Amino acid sequence: MITHEHALELIRQHVTTDNTKKHLLATEALMRALAQKFNEDEDRWGITGLLHDLDLDITKHELHKHGIVGYDMLQHEDMDEEMRTAIKKHNYMLEIEPETLLEKALYVTESMTGFIVAVTLMQPTKKLADVGVSSIVKKWKDKKFAGGVNRSIVEKSQTMLGMSVEEVAAICLQAMQGIHEEMGL
Ligand SMILES: [Fe+2]
């Protein structure tokens, strides 16, 4: 299987924006935590998270291609089909229903990372260590806050993963706190 080091090299080649790189690291940490929770392979889930927005520099102005381009970019890498389809299907704009647990986990949870960054930047200290799950949940209900985060996708966590939004927030916060230095938060 593709190594972690090679996945990072692909990111160095294809991802230029700092925010996207941090988002990818956060998603990797989150997917590793979810894999642990569901007794799945941490490396497979982590690397899928790490590479899920590999095409964003190319597709950011044509988001109907986001995920499809990434799927193609990764076709010669040593990754199994499920890892690549999870990357394709995570773009909810494509309206392709995620089927496997890995596909569902990425689809439902990845935008929580951006939401937690937004909540963190509201803190006087701007530190992940000072964010609590309750403040994330409170902001979640304020639809004007971080309006770009599609609440209805994350809220599928209950049916798709058997997890409440609060549980997703908690696992995501803990995962991100574990890499706070890389996140710069
Ligand atoms: Fe993403």
# chains A, B, ... in the order shown; residues from 1 in each chain; ligands from 1

call {"tool": "residues_near_ligand", "arguments": {"ligand": "ligand 1", "cutoff": "9 Å", "atoms": "only C-alpha atoms and all ligand atoms", "output": "list in words"}}
result
Thr20, His23, Leu24, Thr27, Gly49, His52, Asp53, Leu56, His90, Asn91, Leu106, Tyr107, Glu110, Ser111, Thr113 and Gly114 of chain A

call {"tool": "residues_around", "arguments": {"residues": "A:Glu42", "least_positions_apart": "5", "cutoff": "7 Å", "atoms": "only C-alpha atoms", "output": "number ranges by chain"}}
result
A: 32, 35-36

call {"tool": "write_last_selection", "arguments": {"atoms": "N, CA and C atoms", "output": "PDB file, in the first residue's frame"}}
result
ATOM      1  N   ARG A  32      -8.107   8.514  11.325  1.00  0.00           N
ATOM      2  CA  ARG A  32      -7.405   7.516  12.145  1.00  0.00           C
ATOM      3  C   ARG A  32      -8.194   7.225  13.425  1.00  0.00           C
ATOM      4  N   ALA A  35     -11.212   5.181  12.508  1.00  0.00           N
ATOM      5  CA  ALA A  35     -10.835   3.797  12.202  1.00  0.00           C
ATOM      6  C   ALA A  35     -10.654   3.011  13.500  1.00  0.00           C
ATOM      7  N   GLN A  36     -10.026   3.645  14.467  1.00  0.00           N
ATOM      8  CA  GLN A  36      -9.830   3.002  15.764  1.00  0.00           C
ATOM      9  C   GLN A  36     -11.179   2.682  16.412  1.00  0.00           C
TER      10      GLN A  36
END

call {"tool": "residues_around", "arguments": {"residues": "A:Val149", "least_positions_apart": "6", "cutoff": "12 Å", "atoms": "only C-alpha atoms", "output": "NGL selection string"}}
result
:A and (92 or 108-118 or 139-143 or 155)

call {"tool": "residues_around", "arguments": {"residues": "A:Glu9", "least_positions_apart": "6", "cutoff": "12 Å", "atoms": "only C-alpha atoms", "output": "mmCIF file with N, CA and C atoms, in the first residue's frame"}}
result
data_model
loop_
_atom_site.group_PDB
_atom_site.id
_atom_site.type_symbol
_atom_site.label_atom_id
_atom_site.label_comp_id
_atom_site.auth_asym_id
_atom_site.auth_seq_id
_atom_site.Cartn_x
_atom_site.Cartn_y
_atom_site.Cartn_z
ATOM 1 N N ILE A 2 0.337 2.292 -0.560
ATOM 2 C CA ILE A 2 1.020 3.595 -0.573
ATOM 3 C C ILE A 2 1.500 3.949 0.845
ATOM 4 N N THR A 3 2.715 4.462 0.920
ATOM 5 C CA THR A 3 3.236 4.805 2.246
ATOM 6 C C THR A 3 2.780 6.208 2.639
ATOM 7 N N VAL A 15 -0.569 20.255 -3.754
ATOM 8 C CA VAL A 15 -1.366 21.163 -2.913
ATOM 9 C C VAL A 15 -0.518 22.366 -2.528
ATOM 10 N N LYS A 21 -3.525 22.102 3.152
ATOM 11 C CA LYS A 21 -2.599 21.133 3.767
ATOM 12 C C LYS A 21 -3.003 20.832 5.207
ATOM 13 N N LEU A 50 -6.018 11.800 4.310
ATOM 14 C CA LEU A 50 -4.880 12.673 3.974
ATOM 15 C C LEU A 50 -4.910 13.108 2.508
ATOM 16 N N LEU A 51 -5.395 12.251 1.647
ATOM 17 C CA LEU A 51 -5.340 12.546 0.208
ATOM 18 C C LEU A 51 -6.681 13.013 -0.370
ATOM 19 N N LEU A 54 -6.698 16.132 -2.670
ATOM 20 C CA LEU A 54 -5.473 16.286 -3.462
ATOM 21 C C LEU A 54 -5.699 17.117 -4.728
#

call {"tool": "closest_residue", "arguments": {"among": "A:Ile47, A:Val119, A:Val137, A:Ala129", "to": "A:Asp78", "atoms": "only C-alpha atoms"}}
result
A:Ile47

call {"tool": "residues_around", "arguments": {"residues": "A:Ala29", "least_positions_apart": "4", "cutoff": "7 Å", "atoms": "only C-alpha atoms", "output": "PDB file with C-alpha atoms, in the first residue's frame"}}
result
ATOM      1  CA  LEU A  25      -3.657  16.672   8.149  1.00  0.00           C
ATOM      2  CA  ALA A  33      -9.487   8.114  15.259  1.00  0.00           C
ATOM      3  CA  GLY A  46      -5.809   7.835   7.561  1.00  0.00           C
ATOM      4  CA  ALA A 175      -7.857  14.254  16.957  1.00  0.00           C
ATOM      5  CA  MET A 176      -7.048  17.839  16.011  1.00  0.00           C
TER       6      MET A 176
END

call {"tool": "closest_residue", "arguments": {"among": "A:Gly162, A:Leu121, A:Thr48, A:Lys126", "to": "A:Ala146", "atoms": "only C-alpha atoms"}}
result
A:Leu121

call {"tool": "select_by_dssp", "arguments": {"residues": "chain A", "states": "alpha helix (DSSP H)", "output": "ChimeraX atom specification"}}
result
/A:4-14,18-37,42-51,56-59,68-73,81-89,101-122,133-141,151-154,157-161,165-177,180-183

call {"tool": "write_last_selection", "arguments": {"atoms": "C-alpha atoms", "output": "compact mmCIF listing (two decimals), in the first residue's frame"}}
result
# COMPACT_ATOMS: atom_id res chain seq x y z
CA HIS A 4 2.50 7.76 4.43
CA GLU A 5 5.71 9.41 3.22
CA HIS A 6 4.68 9.03 -0.42
CA ALA A 7 1.22 10.44 0.32
CA LEU A 8 2.88 13.50 1.88
CA GLU A 9 5.08 13.81 -1.21
CA LEU A 10 1.97 13.86 -3.41
CA ILE A 11 0.59 16.66 -1.26
CA ARG A 12 3.84 18.60 -1.60
CA GLN A 13 3.55 18.23 -5.38
CA HIS A 14 -0.10 19.08 -5.83
CA ASP A 18 -1.46 26.09 3.57
CA ASN A 19 -5.10 25.86 4.68
CA THR A 20 -5.74 22.86 2.45
CA LYS A 21 -2.60 21.13 3.77
CA LYS A 22 -3.74 21.68 7.34
CA HIS A 23 -7.23 20.51 6.50
CA LEU A 24 -5.76 17.32 5.04
CA LEU A 25 -3.66 16.67 8.15
CA ALA A 26 -6.70 17.26 10.34
CA THR A 27 -8.79 14.91 8.24
CA GLU A 28 -6.08 12.26 8.47
CA ALA A 29 -6.04 12.51 12.26
CA LEU A 30 -9.83 12.36 12.38
CA MET A 31 -10.02 9.34 10.06
CA ARG A 32 -7.40 7.52 12.15
CA ALA A 33 -9.49 8.11 15.26
CA LEU A 34 -12.63 6.91 13.49
CA ALA A 35 -10.84 3.80 12.20
CA GLN A 36 -9.83 3.00 15.76
CA LYS A 37 -13.41 3.48 16.95
CA GLU A 42 -5.95 3.04 10.64
CA ASP A 43 -3.46 3.50 7.83
CA ARG A 44 -6.01 2.92 5.07
CA TRP A 45 -8.49 5.30 6.64
CA GLY A 46 -5.81 7.83 7.56
CA ILE A 47 -4.24 7.97 4.11
CA THR A 48 -7.67 8.23 2.49
CA GLY A 49 -8.32 11.26 4.67
CA LEU A 50 -4.88 12.67 3.97
CA LEU A 51 -5.34 12.55 0.21
CA LEU A 56 -8.45 20.96 -4.91
CA ASP A 57 -5.93 23.30 -6.56
CA ILE A 58 -7.13 22.01 -9.92
CA THR A 59 -10.86 21.80 -9.18
CA ILE A 68 -13.44 12.84 -9.76
CA VAL A 69 -10.10 14.41 -10.70
CA GLY A 70 -8.59 13.18 -7.43
CA TYR A 71 -9.82 9.67 -8.14
CA ASP A 72 -8.05 9.79 -11.53
CA MET A 73 -4.87 11.35 -10.12
CA GLU A 81 -10.53 0.91 -5.04
CA GLU A 82 -12.46 1.67 -1.87
CA MET A 83 -9.91 4.29 -0.78
CA ARG A 84 -10.24 6.01 -4.15
CA THR A 85 -14.04 5.81 -4.32
CA ALA A 86 -14.24 7.27 -0.83
CA ILE A 87 -12.22 10.22 -2.13
CA LYS A 88 -14.51 10.62 -5.14
CA LYS A 89 -17.75 10.29 -3.20
CA LEU A 101 -18.19 2.51 6.17
CA LEU A 102 -14.99 4.17 4.96
CA GLU A 103 -16.89 6.11 2.28
CA LYS A 104 -19.53 7.18 4.76
CA ALA A 105 -17.02 8.19 7.45
CA LEU A 106 -15.11 10.53 5.13
CA TYR A 107 -18.26 11.92 3.51
CA VAL A 108 -20.01 12.72 6.76
CA THR A 109 -17.19 13.95 8.98
CA GLU A 110 -14.50 15.78 7.00
CA SER A 111 -16.16 19.19 7.08
CA MET A 112 -16.22 19.11 10.89
CA THR A 113 -12.46 19.86 10.78
CA GLY A 114 -13.07 23.24 9.13
CA PHE A 115 -15.87 24.01 11.52
CA ILE A 116 -13.59 23.38 14.50
CA VAL A 117 -10.93 25.65 12.99
CA ALA A 118 -13.58 28.39 12.76
CA VAL A 119 -14.63 27.87 16.39
CA THR A 120 -10.97 27.88 17.49
CA LEU A 121 -10.31 31.19 15.76
CA MET A 122 -13.17 32.69 17.81
CA VAL A 133 -17.31 20.25 22.65
CA SER A 134 -20.08 22.38 24.14
CA SER A 135 -18.88 25.50 22.34
CA ILE A 136 -18.73 23.59 19.06
CA VAL A 137 -22.29 22.32 19.55
CA LYS A 138 -23.50 25.81 20.46
CA LYS A 139 -21.96 27.32 17.33
CA TRP A 140 -23.32 24.42 15.29
CA LYS A 141 -26.85 25.57 16.08
CA ARG A 151 -24.69 21.03 8.38
CA SER A 152 -27.08 18.58 6.72
CA ILE A 153 -24.22 16.38 5.48
CA VAL A 154 -22.56 16.10 8.90
CA SER A 157 -23.69 10.93 11.00
CA GLN A 158 -26.54 9.51 13.04
CA THR A 159 -27.97 7.36 10.26
CA MET A 160 -24.70 6.59 8.48
CA LEU A 161 -22.34 6.07 11.43
CA VAL A 165 -23.00 15.46 15.71
CA GLU A 166 -21.75 15.97 19.25
CA GLU A 167 -19.85 12.67 19.10
CA VAL A 168 -18.35 13.62 15.73
CA ALA A 169 -17.32 16.98 17.19
CA ALA A 170 -15.72 15.31 20.22
CA ILE A 171 -13.66 12.79 18.26
CA CYS A 172 -12.65 15.43 15.72
CA LEU A 173 -11.63 17.92 18.40
CA GLN A 174 -9.51 15.36 20.20
CA ALA A 175 -7.86 14.25 16.96
CA MET A 176 -7.05 17.84 16.01
CA GLN A 177 -5.76 18.66 19.49
CA HIS A 180 -2.17 21.17 17.27
CA GLU A 181 1.42 22.06 16.40
CA GLU A 182 0.97 21.08 12.76
CA MET A 183 -2.35 22.92 12.75

call {"tool": "decode", "arguments": {"residues": "stretch 11-153 of chain A", "atoms": "C-alpha atoms", "output": "mmCIF file, in the first residue's frame"}}
result
data_model
loop_
_atom_site.group_PDB
_atom_site.id
_atom_site.type_symbol
_atom_site.label_atom_id
_atom_site.label_comp_id
_atom_site.auth_asym_id
_atom_site.auth_seq_id
_atom_site.Cartn_x
_atom_site.Cartn_y
_atom_site.Cartn_z
ATOM 1 C CA ILE A 11 0.591 16.664 -1.258
ATOM 2 C CA ARG A 12 3.844 18.599 -1.598
ATOM 3 C CA GLN A 13 3.554 18.227 -5.381
ATOM 4 C CA HIS A 14 -0.102 19.077 -5.833
ATOM 5 C CA VAL A 15 -1.366 21.163 -2.913
ATOM 6 C CA THR A 16 -0.112 24.732 -2.688
ATOM 7 C CA THR A 17 -2.352 26.314 -0.075
ATOM 8 C CA ASP A 18 -1.464 26.093 3.568
ATOM 9 C CA ASN A 19 -5.096 25.859 4.679
ATOM 10 C CA THR A 20 -5.738 22.863 2.452
ATOM 11 C CA LYS A 21 -2.599 21.133 3.767
ATOM 12 C CA LYS A 22 -3.738 21.684 7.343
ATOM 13 C CA HIS A 23 -7.232 20.514 6.497
ATOM 14 C CA LEU A 24 -5.755 17.321 5.039
ATOM 15 C CA LEU A 25 -3.657 16.672 8.149
ATOM 16 C CA ALA A 26 -6.698 17.262 10.344
ATOM 17 C CA THR A 27 -8.793 14.905 8.244
ATOM 18 C CA GLU A 28 -6.084 12.259 8.472
ATOM 19 C CA ALA A 29 -6.039 12.514 12.261
ATOM 20 C CA LEU A 30 -9.833 12.359 12.380
ATOM 21 C CA MET A 31 -10.022 9.343 10.061
ATOM 22 C CA ARG A 32 -7.405 7.516 12.145
ATOM 23 C CA ALA A 33 -9.487 8.114 15.259
ATOM 24 C CA LEU A 34 -12.630 6.908 13.487
ATOM 25 C CA ALA A 35 -10.835 3.797 12.202
ATOM 26 C CA GLN A 36 -9.830 3.002 15.764
ATOM 27 C CA LYS A 37 -13.408 3.479 16.951
ATOM 28 C CA PHE A 38 -14.797 1.179 14.244
ATOM 29 C CA ASN A 39 -11.953 -1.353 14.457
ATOM 30 C CA GLU A 40 -10.808 -0.620 10.920
ATOM 31 C CA ASP A 41 -7.354 -0.257 9.387
ATOM 32 C CA GLU A 42 -5.950 3.044 10.642
ATOM 33 C CA ASP A 43 -3.459 3.497 7.827
ATOM 34 C CA ARG A 44 -6.012 2.916 5.071
ATOM 35 C CA TRP A 45 -8.486 5.303 6.639
ATOM 36 C CA GLY A 46 -5.809 7.835 7.561
ATOM 37 C CA ILE A 47 -4.238 7.966 4.114
ATOM 38 C CA THR A 48 -7.672 8.230 2.492
ATOM 39 C CA GLY A 49 -8.321 11.264 4.667
ATOM 40 C CA LEU A 50 -4.880 12.673 3.974
ATOM 41 C CA LEU A 51 -5.340 12.546 0.208
ATOM 42 C CA HIS A 52 -9.042 13.333 -0.122
ATOM 43 C CA ASP A 53 -8.590 16.918 -1.374
ATOM 44 C CA LEU A 54 -5.473 16.286 -3.462
ATOM 45 C CA ASP A 55 -7.170 17.779 -6.538
ATOM 46 C CA LEU A 56 -8.450 20.959 -4.913
ATOM 47 C CA ASP A 57 -5.928 23.301 -6.560
ATOM 48 C CA ILE A 58 -7.133 22.011 -9.920
ATOM 49 C CA THR A 59 -10.855 21.805 -9.184
ATOM 50 C CA LYS A 60 -11.512 24.745 -6.856
ATOM 51 C CA HIS A 61 -13.245 26.708 -9.626
ATOM 52 C CA GLU A 62 -15.000 23.633 -11.022
ATOM 53 C CA LEU A 63 -16.231 21.887 -7.933
ATOM 54 C CA HIS A 64 -18.426 19.508 -9.928
ATOM 55 C CA LYS A 65 -15.104 17.849 -10.857
ATOM 56 C CA HIS A 66 -13.744 17.779 -7.297
ATOM 57 C CA GLY A 67 -13.119 14.194 -6.219
ATOM 58 C CA ILE A 68 -13.435 12.836 -9.758
ATOM 59 C CA VAL A 69 -10.099 14.410 -10.699
ATOM 60 C CA GLY A 70 -8.591 13.182 -7.427
ATOM 61 C CA TYR A 71 -9.819 9.667 -8.137
ATOM 62 C CA ASP A 72 -8.054 9.787 -11.530
ATOM 63 C CA MET A 73 -4.870 11.351 -10.120
ATOM 64 C CA LEU A 74 -4.536 8.410 -7.748
ATOM 65 C CA GLN A 75 -5.231 5.617 -10.211
ATOM 66 C CA HIS A 76 -1.573 4.591 -10.513
ATOM 67 C CA GLU A 77 -0.914 4.751 -6.793
ATOM 68 C CA ASP A 78 -0.886 1.640 -4.674
ATOM 69 C CA MET A 79 -4.320 2.213 -3.164
ATOM 70 C CA ASP A 80 -7.337 -0.048 -3.249
ATOM 71 C CA GLU A 81 -10.527 0.905 -5.042
ATOM 72 C CA GLU A 82 -12.458 1.671 -1.868
ATOM 73 C CA MET A 83 -9.912 4.287 -0.783
ATOM 74 C CA ARG A 84 -10.243 6.011 -4.150
ATOM 75 C CA THR A 85 -14.042 5.806 -4.323
ATOM 76 C CA ALA A 86 -14.244 7.271 -0.826
ATOM 77 C CA ILE A 87 -12.222 10.223 -2.135
ATOM 78 C CA LYS A 88 -14.512 10.623 -5.135
ATOM 79 C CA LYS A 89 -17.752 10.293 -3.197
ATOM 80 C CA HIS A 90 -16.795 12.676 -0.382
ATOM 81 C CA ASN A 91 -17.808 15.544 -2.673
ATOM 82 C CA TYR A 92 -21.512 15.659 -1.827
ATOM 83 C CA MET A 93 -22.114 17.872 -4.858
ATOM 84 C CA LEU A 94 -21.663 14.782 -7.002
ATOM 85 C CA GLU A 95 -24.662 13.232 -5.276
ATOM 86 C CA ILE A 96 -23.155 9.752 -5.299
ATOM 87 C CA GLU A 97 -24.351 7.871 -2.262
ATOM 88 C CA PRO A 98 -21.494 6.633 -0.043
ATOM 89 C CA GLU A 99 -21.935 2.926 0.584
ATOM 90 C CA THR A 100 -19.096 1.445 2.648
ATOM 91 C CA LEU A 101 -18.192 2.507 6.172
ATOM 92 C CA LEU A 102 -14.995 4.172 4.956
ATOM 93 C CA GLU A 103 -16.888 6.105 2.279
ATOM 94 C CA LYS A 104 -19.532 7.180 4.763
ATOM 95 C CA ALA A 105 -17.024 8.186 7.448
ATOM 96 C CA LEU A 106 -15.114 10.530 5.134
ATOM 97 C CA TYR A 107 -18.260 11.924 3.505
ATOM 98 C CA VAL A 108 -20.013 12.723 6.762
ATOM 99 C CA THR A 109 -17.189 13.951 8.980
ATOM 100 C CA GLU A 110 -14.505 15.783 7.000
ATOM 101 C CA SER A 111 -16.159 19.190 7.083
ATOM 102 C CA MET A 112 -16.217 19.113 10.895
ATOM 103 C CA THR A 113 -12.464 19.858 10.785
ATOM 104 C CA GLY A 114 -13.067 23.240 9.128
ATOM 105 C CA PHE A 115 -15.872 24.012 11.523
ATOM 106 C CA ILE A 116 -13.590 23.384 14.500
ATOM 107 C CA VAL A 117 -10.926 25.646 12.992
ATOM 108 C CA ALA A 118 -13.577 28.391 12.758
ATOM 109 C CA VAL A 119 -14.630 27.869 16.392
ATOM 110 C CA THR A 120 -10.967 27.884 17.490
ATOM 111 C CA LEU A 121 -10.309 31.185 15.759
ATOM 112 C CA MET A 122 -13.172 32.689 17.810
ATOM 113 C CA GLN A 123 -11.327 31.959 21.064
ATOM 114 C CA PRO A 124 -9.233 34.798 22.495
ATOM 115 C CA THR A 125 -6.219 32.455 22.559
ATOM 116 C CA LYS A 126 -6.984 30.851 19.170
ATOM 117 C CA LYS A 127 -5.890 27.538 20.658
ATOM 118 C CA LEU A 128 -7.513 24.144 20.135
ATOM 119 C CA ALA A 129 -6.721 23.400 23.766
ATOM 120 C CA ASP A 130 -9.224 26.077 24.800
ATOM 121 C CA VAL A 131 -12.105 24.730 22.695
ATOM 122 C CA GLY A 132 -14.730 22.510 24.281
ATOM 123 C CA VAL A 133 -17.305 20.246 22.653
ATOM 124 C CA SER A 134 -20.078 22.377 24.142
ATOM 125 C CA SER A 135 -18.882 25.502 22.341
ATOM 126 C CA ILE A 136 -18.726 23.589 19.062
ATOM 127 C CA VAL A 137 -22.289 22.320 19.552
ATOM 128 C CA LYS A 138 -23.498 25.811 20.458
ATOM 129 C CA LYS A 139 -21.961 27.323 17.334
ATOM 130 C CA TRP A 140 -23.317 24.423 15.288
ATOM 131 C CA LYS A 141 -26.853 25.575 16.078
ATOM 132 C CA ASP A 142 -26.036 29.132 14.991
ATOM 133 C CA LYS A 143 -26.637 28.737 11.262
ATOM 134 C CA LYS A 144 -25.016 32.082 10.479
ATOM 135 C CA PHE A 145 -21.699 30.940 11.943
ATOM 136 C CA ALA A 146 -19.396 29.275 9.382
ATOM 137 C CA GLY A 147 -22.310 29.145 6.971
ATOM 138 C CA GLY A 148 -20.165 27.413 4.356
ATOM 139 C CA VAL A 149 -20.186 24.205 6.366
ATOM 140 C CA ASN A 150 -23.039 22.053 5.107
ATOM 141 C CA ARG A 151 -24.695 21.034 8.384
ATOM 142 C CA SER A 152 -27.083 18.584 6.724
ATOM 143 C CA ILE A 153 -24.221 16.385 5.476
#
